[in-house]
>>> print(open('start_35.cif').read())   # mmCIF, C-alpha atoms and all ligand atoms
data_target
loop_
_atom_site.label_atom_id
_atom_site.label_comp_id
_atom_site.auth_asym_id
_atom_site.auth_seq_id
_atom_site.Cartn_x
_atom_site.Cartn_y
_atom_site.Cartn_z
CA MET A 1 -198.84 5.31 109.23
CA ARG A 2 -202.44 4.22 109.27
CA TYR A 3 -203.01 0.61 108.24
CA ALA A 4 -206.15 -1.36 107.46
CA ILE A 5 -205.68 -5.03 108.43
CA ILE A 6 -207.88 -7.59 106.70
CA SER A 7 -207.89 -11.40 106.95
CA ASP A 8 -209.63 -14.60 105.89
CA ILE A 9 -211.34 -13.38 102.73
CA HIS A 10 -211.99 -16.94 101.55
CA SER A 11 -212.93 -16.14 97.94
CA ASN A 12 -215.89 -13.97 99.02
CA LEU A 13 -215.69 -11.21 96.39
CA PRO A 14 -218.75 -9.13 97.45
CA ALA A 15 -217.41 -9.01 101.04
CA LEU A 16 -213.90 -8.03 99.85
CA GLN A 17 -215.29 -5.29 97.58
CA ALA A 18 -217.45 -3.91 100.39
CA VAL A 19 -214.56 -3.88 102.87
CA LEU A 20 -212.20 -2.18 100.40
CA GLY A 21 -214.92 0.37 99.63
CA ARG A 22 -215.22 1.17 103.33
CA ILE A 23 -211.44 1.29 103.79
CA ASP A 24 -211.13 3.71 100.86
CA SER A 25 -213.29 6.17 102.80
CA LEU A 26 -211.05 5.98 105.90
CA ALA A 27 -207.79 7.68 104.74
CA VAL A 28 -205.61 4.59 105.11
CA ASP A 29 -201.93 4.58 104.01
CA GLU A 30 -201.55 0.83 103.49
CA ILE A 31 -203.67 -2.34 103.50
CA ILE A 32 -202.25 -5.60 104.91
CA CYS A 33 -203.87 -9.04 104.41
CA LEU A 34 -203.20 -11.83 106.94
CA GLY A 35 -203.83 -14.73 104.54
CA ASP A 36 -206.58 -17.14 103.46
CA ILE A 37 -207.50 -15.09 100.42
CA VAL A 38 -208.96 -18.29 98.93
CA GLY A 39 -210.95 -21.34 100.07
CA TYR A 40 -214.66 -22.06 100.78
CA ASN A 41 -216.36 -19.50 98.51
CA ALA A 42 -216.92 -18.94 94.80
CA ASN A 43 -214.46 -16.30 93.52
CA PRO A 44 -210.81 -17.28 94.17
CA ASN A 45 -209.32 -15.78 90.98
CA GLU A 46 -211.29 -12.54 91.32
CA CYS A 47 -210.22 -12.10 94.96
CA VAL A 48 -206.54 -12.81 94.23
CA LYS A 49 -206.65 -10.40 91.27
CA LEU A 50 -208.15 -7.66 93.43
CA ILE A 51 -205.46 -8.16 96.11
CA ARG A 52 -202.77 -7.98 93.41
CA ASP A 53 -204.32 -5.02 91.54
CA ARG A 54 -204.59 -3.04 94.78
CA ASN A 55 -200.97 -3.89 95.78
CA ILE A 56 -202.20 -5.21 99.11
CA LYS A 57 -199.30 -6.75 101.05
CA SER A 58 -200.29 -10.28 102.02
CA ILE A 59 -198.88 -13.22 103.92
CA ILE A 60 -199.66 -16.88 103.24
CA GLY A 61 -202.54 -18.71 104.94
CA ASN A 62 -203.21 -22.41 105.43
CA HIS A 63 -205.68 -22.44 102.51
CA GLU A 64 -203.01 -20.98 100.22
CA THR A 65 -200.52 -23.72 101.15
CA ARG A 66 -203.17 -26.34 100.22
CA ALA A 67 -204.23 -24.56 97.02
CA CYS A 68 -200.59 -24.45 95.91
CA GLY A 69 -199.96 -28.07 96.92
CA THR A 70 -197.12 -27.22 99.34
CA ALA A 71 -199.08 -28.89 102.15
CA SER A 72 -201.61 -31.74 102.11
CA ALA A 73 -205.34 -31.03 102.50
CA ARG A 74 -205.80 -34.35 104.31
CA GLY A 75 -206.22 -32.66 107.69
CA PHE A 76 -209.00 -30.38 106.39
CA ASN A 77 -212.64 -31.19 107.16
CA PRO A 78 -214.48 -32.69 104.15
CA ALA A 79 -216.17 -29.41 103.06
CA ALA A 80 -212.97 -27.34 103.32
CA ARG A 81 -211.02 -30.06 101.49
CA LYS A 82 -213.53 -30.27 98.63
CA ALA A 83 -213.57 -26.47 98.33
CA ILE A 84 -209.78 -26.17 98.25
CA GLU A 85 -209.43 -28.94 95.65
CA TRP A 86 -211.97 -27.10 93.46
CA THR A 87 -210.18 -23.79 94.14
CA SER A 88 -206.83 -25.29 93.19
CA SER A 89 -208.19 -26.57 89.87
CA LEU A 90 -209.70 -23.18 89.08
CA LEU A 91 -206.80 -20.85 89.97
CA THR A 92 -204.79 -19.50 87.04
CA GLU A 93 -201.10 -20.33 86.90
CA GLU A 94 -200.29 -16.69 87.51
CA ASN A 95 -202.48 -16.52 90.62
CA LEU A 96 -201.09 -19.82 91.95
CA ALA A 97 -197.54 -18.48 91.51
CA PHE A 98 -198.53 -15.30 93.34
CA LEU A 99 -200.04 -17.24 96.27
CA ASN A 100 -197.00 -19.53 96.40
CA SER A 101 -194.70 -16.48 96.64
CA LEU A 102 -196.41 -15.04 99.73
CA PRO A 103 -194.23 -14.85 102.88
CA LEU A 104 -194.95 -16.56 106.20
CA THR A 105 -194.50 -13.35 108.19
CA LEU A 106 -194.42 -9.66 107.39
CA ASP A 107 -192.87 -6.74 109.25
CA ILE A 108 -195.19 -3.76 109.67
CA GLY A 109 -193.14 -0.74 110.64
CA GLU A 110 -190.52 -1.07 113.37
CA ASP A 111 -192.10 -3.19 116.06
CA ALA A 112 -195.16 -4.83 114.50
CA LEU A 113 -195.46 -8.02 112.50
CA ALA A 114 -198.10 -10.21 110.90
CA PHE A 115 -198.66 -13.97 110.56
CA HIS A 116 -201.68 -16.19 109.80
CA GLY A 117 -202.06 -18.81 112.54
CA ARG A 118 -199.16 -18.61 114.99
CA PHE A 119 -195.67 -17.15 114.55
CA LYS A 120 -194.05 -19.07 111.65
CA ASP A 121 -196.91 -21.61 111.71
CA VAL A 122 -199.92 -21.21 109.38
CA ASP A 123 -201.87 -24.16 110.77
CA SER A 124 -201.97 -23.67 114.56
CA TYR A 125 -204.53 -21.42 116.24
CA ILE A 126 -204.46 -18.75 118.93
CA HIS A 127 -207.77 -19.57 120.57
CA SER A 128 -207.08 -18.88 124.25
CA GLU A 129 -205.05 -16.88 126.73
CA THR A 130 -202.78 -19.94 127.14
CA ASP A 131 -202.16 -20.08 123.37
CA ALA A 132 -201.41 -16.34 123.37
CA LYS A 133 -198.98 -16.72 126.29
CA TYR A 134 -196.88 -19.24 124.33
CA VAL A 135 -196.91 -17.08 121.20
CA PHE A 136 -195.73 -13.98 123.10
CA GLU A 137 -192.71 -16.03 124.21
CA GLU A 138 -191.92 -17.07 120.60
CA LEU A 139 -192.03 -13.53 119.19
CA PRO A 140 -188.87 -11.47 118.70
CA SER A 141 -188.30 -9.27 121.77
CA SER A 142 -188.51 -6.19 119.53
CA THR A 143 -192.12 -7.03 118.58
CA SER A 144 -194.70 -5.14 120.60
CA ILE A 145 -197.71 -5.85 118.40
CA ALA A 146 -198.47 -8.88 116.22
CA PHE A 147 -201.48 -9.35 113.96
CA PHE A 148 -202.88 -12.82 113.32
CA GLY A 149 -205.91 -14.41 111.62
CA HIS A 150 -207.08 -18.03 111.15
CA THR A 151 -209.72 -18.14 113.93
CA HIS A 152 -212.05 -15.68 112.15
CA LEU A 153 -212.72 -14.03 115.54
CA SER A 154 -211.94 -10.41 116.42
CA ARG A 155 -209.71 -10.59 119.54
CA VAL A 156 -206.97 -8.67 121.36
CA TYR A 157 -204.67 -10.41 123.85
CA SER A 158 -202.27 -8.45 126.07
CA GLN A 159 -199.14 -10.05 127.53
CA GLY A 160 -199.84 -9.98 131.25
CA LYS A 161 -203.51 -8.95 131.09
CA GLY A 162 -204.81 -11.76 128.83
CA LEU A 163 -207.90 -11.28 126.67
CA ILE A 164 -208.73 -7.56 126.64
CA PHE A 165 -211.08 -7.34 123.64
CA ASP A 166 -213.61 -9.82 122.20
CA GLY A 167 -216.22 -7.50 120.82
CA SER A 168 -217.25 -6.56 117.32
CA SER A 169 -216.50 -2.84 117.53
CA GLY A 170 -214.31 -0.60 119.67
CA THR A 171 -210.89 0.97 120.19
CA VAL A 172 -207.86 -0.49 121.97
CA LYS A 173 -204.90 1.67 122.92
CA ILE A 174 -201.49 0.08 123.40
CA GLU A 175 -199.90 1.20 126.68
CA GLU A 176 -196.19 2.00 126.99
CA GLY A 177 -194.25 -1.28 127.24
CA GLU A 178 -197.33 -3.42 126.55
CA ARG A 179 -197.34 -6.23 123.97
CA LEU A 180 -200.46 -7.18 122.03
CA LEU A 181 -201.69 -10.00 119.79
CA VAL A 182 -204.52 -8.73 117.60
CA ASN A 183 -206.99 -10.49 115.27
CA PRO A 184 -209.20 -8.41 112.94
CA GLY A 185 -211.85 -11.12 112.41
CA SER A 186 -212.80 -12.38 108.95
CA VAL A 187 -213.79 -10.56 105.77
CA GLY A 188 -215.43 -13.45 103.97
CA GLN A 189 -216.46 -16.11 106.50
CA PRO A 190 -217.38 -14.67 109.95
CA ARG A 191 -217.52 -17.21 112.79
CA ASP A 192 -218.62 -14.85 115.57
CA GLY A 193 -222.35 -15.06 114.94
CA ASP A 194 -222.32 -11.64 113.25
CA PRO A 195 -222.70 -12.05 109.47
CA ARG A 196 -221.03 -8.74 108.69
CA ALA A 197 -217.48 -8.58 107.32
CA SER A 198 -214.82 -7.50 109.84
CA PHE A 199 -211.46 -5.70 109.63
CA LEU A 200 -209.41 -3.29 111.75
CA LEU A 201 -207.50 -0.06 111.54
CA TYR A 202 -204.05 0.28 113.14
CA ASP A 203 -202.52 3.70 113.62
CA ASN A 204 -198.90 3.37 114.75
CA ARG A 205 -198.66 7.08 115.60
CA GLU A 206 -201.69 6.95 117.89
CA ARG A 207 -200.71 3.37 118.90
CA GLU A 208 -204.30 2.51 118.42
CA ASN A 209 -206.12 -0.54 117.06
CA TRP A 210 -209.66 -0.31 116.01
CA PRO A 211 -211.37 -3.61 115.32
CA LEU A 212 -214.69 -2.91 113.71
CA ASN A 213 -217.50 -4.61 111.90
CA GLY A 214 -220.04 -3.06 109.65
CA SER A 215 -219.05 -3.06 105.99
CA GLY A 216 -222.76 -3.48 105.24
CA ILE A 217 -222.61 -7.12 104.19
CA PRO A 218 -225.82 -8.85 105.27
ZN ZN B 1 -209.45 -18.89 107.34
#
>>> encode(input="start_35.cif", output="structure tokens")
Amino acid sequence: MRYAIISDIHSNLPALQAVLGRIDSLAVDEIICLGDIVGYNANPNECVKLIRDRNIKSIIGNHETRACGTASARGFNPAARKAIEWTSSLLTEENLAFLNSLPLTLDIGEDALAFHGRFKDVDSYIHSETDAKYVFEELPSSTSIAFFGHTHLSRVYSQGKGLIFDGSSGTVKIEEGERLLVNPGSVGQPRDGDPRASFLLYDNRERENWPLNGSGIP
């Protein structure tokens, strides 16, 4: 199977449309979203509708838990808090119910899984090799590759080798017996200094991840 992995859309409809347009040209079997469909930007309902209409499998992000009221927005910075309160008031009942139904983790094939922040924790970050080391220990032993979002930075950590990818474009091959933690970067709110939307392709036959930028969003 060939998967496109997207994350952190944050209600940015033009970025989501551009990324899906690019993905549609890449012969992908399935699209997976790592959460934070909403928050910050202007089109929460439109983005949720597009995710639902396209049958994109998604997990829950920390902005979804706040939009649905299952967690408090008190820890958010003032701008994020204001945006999520506005988002929450704007979301249709149907879209809120959809976001509330999203799982915390998702299995992708036999030995891959997805989560938003850390394993079973939407709020904590994987920002360093030390963070990654702890998360590798928490993962089921059958998991050889896990996809995460939340930091909005395209990264690949290897258990044993540490950070092995922090660029905006390139290919990473998973070696026999290796375990990886992989972040595709953000669709709708890049934090890597590159304003373009980011996503990745994962081919579990080639055992290849391909983080890439360049959907054409200025
Ligand atoms: Zn986010």
>>> residues_around(input="start_35.cif", residues="Ile164 (chain A)", least_positions_apart="5", cutoff="12 Å", atoms="only C-alpha atoms", output="PyMOL selection string")
chain A and resi 128-129+132+154-159+170-174+179-183
>>> residues_near_ligand(input="start_35.cif", ligand="ligand ZN 1 (chain B)", cutoff="7 Å", atoms="all atoms listed in the file", output="list of chain:residue names")
A:Asp8, A:His10, A:Asp36, A:His150, A:Thr151, A:His152
>>> closest_residue(input="start_35.cif", among="A:Pro140, A:Pro78, A:Pro44, A:Gly188", to="Leu96 (chain A)", atoms="only C-alpha atoms")
A:Pro44
>>> atom_distance(input="start_35.cif", atom1="CA of Thr87 (chain A)", atom2="CA of Lys57 (chain A)")
21.4 Å
>>> atom_distance(input="start_35.cif", atom1="CA of Ile5 (chain A)", atom2="CA of Pro184 (chain A)")
6.6 Å
>>> atom_distance(input="start_35.cif", atom1="CA of Trp86 (chain A)", atom2="CA of Pro14 (chain A)")
19.6 Å
>>> residues_around(input="start_35.cif", residues="Gly117 (chain A)", least_positions_apart="6", cutoff="9 Å", atoms="all atoms listed in the file", output="PyMOL selection string")
chain A and resi 61-62+123-126+148-151
>>> write_last_selection(input="start_35.cif", atoms="C-alpha atoms", output="compact mmCIF listing (two decimals), in the frame of the given file")
# COMPACT_ATOMS: atom_id res chain seq x y z
CA GLY A 61 -202.54 -18.71 104.94
CA ASN A 62 -203.21 -22.41 105.43
CA ASP A 123 -201.87 -24.16 110.77
CA SER A 124 -201.97 -23.67 114.56
CA TYR A 125 -204.53 -21.42 116.24
CA ILE A 126 -204.46 -18.75 118.93
CA PHE A 148 -202.88 -12.82 113.32
CA GLY A 149 -205.91 -14.41 111.62
CA HIS A 150 -207.08 -18.03 111.15
CA THR A 151 -209.72 -18.14 113.93
>>> residues_near_point(input="start_35.cif", point="(-202.6, -7.5, 102.7)", cutoff="9 Å", atoms="all atoms listed in the file", output="list in words")
Ala4, Ile5, Ile6, Ser7, Glu30, Ile31, Ile32, Cys33, Leu34, Gly35, Ile51, Asn55, Ile56, Lys57, Ser58 and Ile59 of chain A
>>> closest_residue(input="start_35.cif", among="A:Ser169, A:Thr143, A:Asn204, A:Asn95", to="Asp53 (chain A)", atoms="only C-alpha atoms")
A:Asn95
